[in-house]
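Remarks on the structure that follows.
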Amino acid sequence: MLNVPLAGYTILDFTQFYQGPYATMMAAKAGADVIKIEPPGGESLRLMAPPGKETSMPVAMLNANKRGITLNLKAEEGKAILRKLVLKADALVENYAPGVMDRLGVGFSVLHEINPRMVYASATGFGLSGPDRDNLAMDFTVQAASGVMSTTGYADGPPLRTGAPYVDILGGAHLYGALMTGLLERERTGIGRLVEVAMVEAVYPCLATVLDQYHRAGRTIPPRTGNAFANHNRAPYNVYKAADGHVAIILVTENQWQNLLRAMGREDLKDDPRFLTNTARVANYDQTEAVVNAWTNANTRATIFAATSKAKVPCAPVRDIEEVMNDPHMHGRGTLEWVDHYDYDYPIVVPNSALRFHGTDKVPTTLSPHVGEHNEAVYGEWLGLSGTELARLKADGVI
Amino acid sequence: MSMPLSDITVLDFGQIFQGSYATVLMAKAGANVIKIEPPRGEPLRHRTPPGAKTTMSFAMLNANKRAITLNLKTERGRALLFDMVRRADVLLENFGPGAMDRLGVGYEVLRAINPRLIYASGTGYGLSGPSRDNLAMDMTVQAASGIMSITGFAGGPPVRAGVTVADFMGGTHLYGGILTALHERHRSGKGCLVEIAMQEAVYYTLAGSLEQYNRTGKVPGRTGNEGTGAIAPFGVYPAKDGFVAIHTGTEGHWHNILDAAGKPELKQDPRYRTMHDRSAHAEEVNAIVGAWTGSLTKDEAVAQAQKHRIPLAPVRDVTEVMRDEHMHGRGMLEWIDHPDLGHVVMPTTPLRLHGQDVAPTRPSPRIGQHNDEVYGGWLGLSQAELDSLRNDGVI
């Protein structure tokens with residue numbers, strides 16, 4: 001028996017795409033028994049896998065360590081089976097659009113009657129109430145609606161989406177937090193709540209800096225500044241071209257300028273009044289940028305990174321995803337690992353949960369399940385259905 | 001008031017964004033969060049412009065906390081911390097790895113004092129591994145984590161997400177980690193060290209790009225707003241007064257756009273029948289969609305999207321978002337009178353437990369505002385002792 005924080009918890013996982021599955025993956029990696037319940041053809045994300053496959057990297061990453069079963073909630077018998085599952089579960093998680101589970105007759109109020117201890121966690125784009133509730137939500141549209149896209153890109157260009165769908169994942173991370181809060185509260189009160197996260201709300205706090213700049217600038221909206229700080233209020237603070245790519249360099253304290261001069265071998269500028277303080281450097285923005293660019297353009301990312309590290313200047317190479325997935329640091333820490341996956345012809349890198357509990361065991365990685373892989377284990381061994389019943393449910397399209 | 005964390009006391013050494021976000025979520029869930037700062041305030045305070053008393057960022061991230069000061073570089077300061085640790089459930093810090101150990105107040109020391117204490121650490125790269133000591137800020141983590149490499153226009157440089165996504169992602173995971181550790185403690189009676197690295201917290205956002213890489217063997221480049229090219233329509237389209245973003249997921253969404261655009265006859269056009277067909281004719285598809293959105297204001301486009309079920313959203317600026325009727329109606333945003341900022345919009349918590357209360361907003365505290373209340377009222381120090389600690393620079 002592993003020593004893991006969520007040992008003994010059973011979670012019914014109706015999640016799809018990214019947001020919901022991310023939350024339940026974290027629960028699975030913390031030791032919960034997560035039963036992913038898909039419609040008989042598999043959840044929507046599966047449809048994006050190449051022809052003949054069930055798995056894409058998102059499926060493999062977001063559904064590791066889950067058991068997979070199928071269930072047709074449109075069939076009466078499917079609903080009856082869900083009611084049985086609910087009796088044995090601690091939580092149910094779903095990220096369908098608002099009202100979908102209610103229309104199927106298996107919404108929170110119905111299931112809460114059956115098992116008042118079960119926490120019901122819902123993730124949506126805009127929440128279960130309010131005028132925007134039924135707006136269709138994808139990571140991309142929420143990036144637009146939430147204001148974050150308006151802050152990304154260049155002043156003379158259009159708003160720009162962030163290439164990584166972080167709103168989905170951030171929503172999922174909040175959902176996990178809400179689920180854990182609901183479960184903890186249940187331990188105290190015995191009552192499982194409806195807990196809810198809306199993506200557009202989960203991303204709002206990220207606007208803190210921009211909102212601050214808005215107020216500072218006399219309530220005017222800062223224009224997009226590419227990689228530079230809002231209103232070009234800090235320097236150096238940018239992505240600079242290196243001989244073999246780019247590096248991000250940002251100064252957050254005054255003494256880091258002297259450190260950077262040391263790293264660049266430009267101590268000749270150490271008393272130059274044009275650059276002595278951030279205020280001076282902002283006033284001489286182009287000249288400051290030119291000094292940094294002259295150095296970075298002539299050096300490789302590795303040289304720049306070594307010099308800035310030694311001099312204690314915040315800097316990072318801009319890494320592509322191949323470099324990231326091969327990162328010796330994350331492999332060394334056990335965050336990333338190579339696995340053989342049934343749907344790939346070669347080993348792939350999969351991540352573990354970003355939540356790390358020292359002194360507890362790591363849940364050994366199991367692959368994302370096939371559609372319905374654990375139907376027998378869950379319906380047979382756990383719910384106690386016979387082989388004949390299972391065969392019939394399958395024939396009738398219930399599972 | 002019934003709040004899920006009302007019996008939890010948190011010693012909050014969170015600074016700047018990552019740590020403070022985790023603890024503001026705890027405070028909003030009812031925890032007793034005591035923000036502990038060095039006597040001159042945490043680094044985020046230092047970004048307050050001359051003449052101003054606080055910033056929006058600070059106010060957002062430190063609402064509902066009490067603030068005390070403590071100098072951990074003094075012997076008496078450390079003794080005060082040990083006294084508080086005996087009475088606390090959680091300690092959170094997001095200093096560089098090893099900072100608390102060097103001060104003699106690291107996890108091992110505190111665990112010996114209170115084995116039930118949950119110690120939460122947020123860093124850029126984690127407490128172990130070769131990159132552990134790399135200096136980490138949101139921007140450098142965006143660069144190192146790969147996010148930046150897939151953001152921007154083809155042929156242009158990598159671009160950062162305009163908001164501090166890595167910081168907030170880290171803070172959210174810290175919250176989840178602490179709550180998980182509270183379960184673990186419920187089971188085992190023991191606290192543990194919970195650790196989050198920002199770089200690891202954002203890794204999953206690469207999932208789609210990693211898929212492209214694995215299937216094609218090519219490192220994904222930057223594609224602006226166009227996505228991977230596998231989905232059409234997908235992108236940012238012009239409106240009369242700005243832009244709208246559209247992400248179609250199904251054939252039905254395409255049909256709905258054609259209905260809204262008054263071009264239902266194109267549903268049968270073989271060039272546009274499937275997602276694959278539309279991707280192959282992306283320019284024509286974008287021209288059809290752009291002509292439609294360009295004839296509408298953002299509000300009109302949103303109304304059409306709601307009527308016809310189209311995944312479309314206006315690209316909103318921050319003032320449109322902070323005045324959003326939807327989030328104000330749901331209670332996520334509220335107007336408050338902040339003693340240092342005036343009448344401003346503040347968020348509560350994105351974590352919503354139906355049937356439970358959210359802590360009513362209290363404005364972010366000033367440096368050391370609650371020293372008397374916490375050291376006097378909670379720890380039981382006398383006024384003379386408090387005066388002496390102040391004089392000696394301990395608090």
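The way I read the labels, and the way they are meant: chains A, B, ... in the order of the structure tokens, residue 1 as the first residue of every chain, and ligand 1 as the first ligand shown, with later ones counted on from there.
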
From a backbone DSSP assignment, name each residue in segment 160-356 of chain A labelled strand (DSSP E or B), as an MDAnalysis selection string.
chainID A and resid 194:198 225 237:242 245:250 315:317 336:339 348:351 356

Excluding segment 180-187 of chain A and residues on its chain fewer than 3 positions from it, collect all residues at most 7 Å away from it, counting only C-alpha atoms, and give them as a count of residues only.
15

Residues flagged alpha helix (DSSP H) by DSSP in segment 226-286 of chain A, as an NGL selection string
:A and (255-264 or 278-283 or 285-286)

A:Pro40, A:His174, A:Leu136, A:Ala89 ranked by distance to Leu393 of chain A, top pick (using only C-alpha atoms):
A:Pro40

Give me the residues within 12 Å of Gln258 of chain A as a ChimeraX atom specification, counting only C-alpha atoms and dropping any in the same chain fewer than 6 places off.
/A:236,251,264-272,275-278,308,311-313

Residues from last step as file, N, CA and C atoms, as a compact mmCIF listing (two decimals), in the first residue's frame:
```
# COMPACT_ATOMS: atom_id res chain seq x y z
N PRO A 236 16.87 46.96 -18.21
CA PRO A 236 16.48 46.00 -19.26
C PRO A 236 15.39 45.05 -18.78
N LEU A 251 15.56 42.86 -15.13
CA LEU A 251 16.15 43.38 -13.91
C LEU A 251 15.03 43.80 -12.98
N MET A 264 28.41 41.33 -18.71
CA MET A 264 28.65 41.72 -20.10
C MET A 264 30.08 42.20 -20.33
N GLY A 265 30.85 42.32 -19.23
CA GLY A 265 32.19 42.88 -19.36
C GLY A 265 32.14 44.37 -19.71
N ARG A 266 31.12 45.06 -19.21
CA ARG A 266 30.96 46.48 -19.52
C ARG A 266 31.04 47.34 -18.24
N GLU A 267 32.03 46.99 -17.41
CA GLU A 267 32.18 47.79 -16.19
C GLU A 267 32.52 49.24 -16.49
N ASP A 268 32.95 49.50 -17.74
CA ASP A 268 33.22 50.90 -18.11
C ASP A 268 31.98 51.79 -17.95
N LEU A 269 30.78 51.15 -17.94
CA LEU A 269 29.55 51.95 -17.83
C LEU A 269 29.06 52.07 -16.39
N LYS A 270 29.86 51.57 -15.43
CA LYS A 270 29.30 51.42 -14.09
C LYS A 270 28.91 52.74 -13.43
N ASP A 271 29.53 53.81 -13.82
CA ASP A 271 29.16 55.11 -13.24
C ASP A 271 28.40 55.99 -14.23
N ASP A 272 28.08 55.45 -15.40
CA ASP A 272 27.44 56.26 -16.43
C ASP A 272 26.04 56.68 -15.97
N PHE A 275 22.53 55.29 -17.07
CA PHE A 275 22.06 53.93 -16.77
C PHE A 275 22.01 53.61 -15.27
N LEU A 276 22.26 54.59 -14.43
CA LEU A 276 22.51 54.25 -13.02
C LEU A 276 21.28 53.70 -12.29
N THR A 277 20.12 54.19 -12.62
CA THR A 277 18.92 53.71 -11.96
C THR A 277 17.91 53.27 -13.01
N ASN A 278 16.90 52.55 -12.57
CA ASN A 278 15.87 52.14 -13.52
C ASN A 278 15.22 53.37 -14.16
N THR A 308 25.28 35.45 -16.86
CA THR A 308 24.27 36.09 -16.02
C THR A 308 24.04 35.29 -14.74
N ALA A 311 26.69 36.17 -12.35
CA ALA A 311 26.55 37.54 -11.85
C ALA A 311 25.22 37.78 -11.14
N LYS A 312 24.39 36.74 -11.00
CA LYS A 312 23.11 36.86 -10.31
C LYS A 312 22.16 37.85 -10.99
N VAL A 313 21.97 37.64 -12.28
CA VAL A 313 21.01 38.43 -13.04
C VAL A 313 19.93 37.47 -13.56
```

Just the residues within 8 Å of Gly171 of chain B, please, counting only C-alpha atoms, with nothing from its chain fewer than 4 positions along; format it as a PyMOL selection string.
chain B and resi 17-22+122+167+175

With C-alpha atoms retained, write the just-selected residues as a short mmCIF file (atom, residue, chain, number, x, y, z; two decimals), in the first residue's frame.
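Result saved to result12.cif:
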```cif
data_model
loop_
_atom_site.label_atom_id
_atom_site.label_comp_id
_atom_site.auth_asym_id
_atom_site.auth_seq_id
_atom_site.Cartn_x
_atom_site.Cartn_y
_atom_site.Cartn_z
CA PHE B 17 2.90 36.97 -6.78
CA GLN B 18 3.27 33.20 -6.57
CA GLY B 19 3.12 32.60 -2.84
CA SER B 20 0.73 35.45 -2.12
CA TYR B 21 -1.80 34.14 -4.61
CA ALA B 22 -1.99 30.76 -2.85
CA GLY B 122 7.03 27.73 -4.17
CA ASP B 167 3.49 33.06 -11.27
CA TYR B 175 -2.99 26.11 -3.07
#
```

Got a sec: who's within 12 Å of Val105 of chain B, counting only C-alpha atoms, leaving out chain neighbours fewer than 2 positions off, as an MDAnalysis selection string?
chainID B and resid 72:75 77:82 85 91 93 98:103 107:113 119

List the neighbours of Asn135 of chain A out to 12 Å using only C-alpha atoms; skip same-chain residues closer than 2 positions along the sequence, and give me the result as number ranges by chain.
A: 97-98, 124-133, 137-138, 141-142, 145, 198, 200; B: 302-314, 326

Shortest interatomic distance to chain A - which of B:Leu206, B:Val90, B:Ala166, B:Ala359, counting only C-alpha atoms:
B:Leu206

Can you tell me which residues surround segment 318-320 of chain B at a distance of at most 9 Å, considering only C-alpha atoms, apart from same-chain residues fewer than 3 positions away, and format the answer as a VMD selection string?
(chain A and resid 146 to 148 150 to 151 207 210 to 211 214 219 to 221) or (chain B and resid 323 to 324)

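Using only C-alpha atoms, the shortest contact distance between Ala173 of chain A and any of A:Pro21, A:Gly397, A:Gly334, A:Pro5 is found at A:Pro21.
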
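Proximity ranking of A:Gly332, A:Gly99, A:Pro347, A:Gly41 relative to chain B places A:Gly332 first, based on only C-alpha atoms.
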
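Compared by their closest atoms to Glu389 of chain A, and using only C-alpha atoms, the residues A:Ala290, A:Ser122, A:Glu77, A:Ala316 rank with A:Glu77 nearest.
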
With distances taken over only C-alpha atoms, which of A:Pro369, A:Gly171, A:Pro165, A:Pro39 is nearest to chain B?
A:Pro165
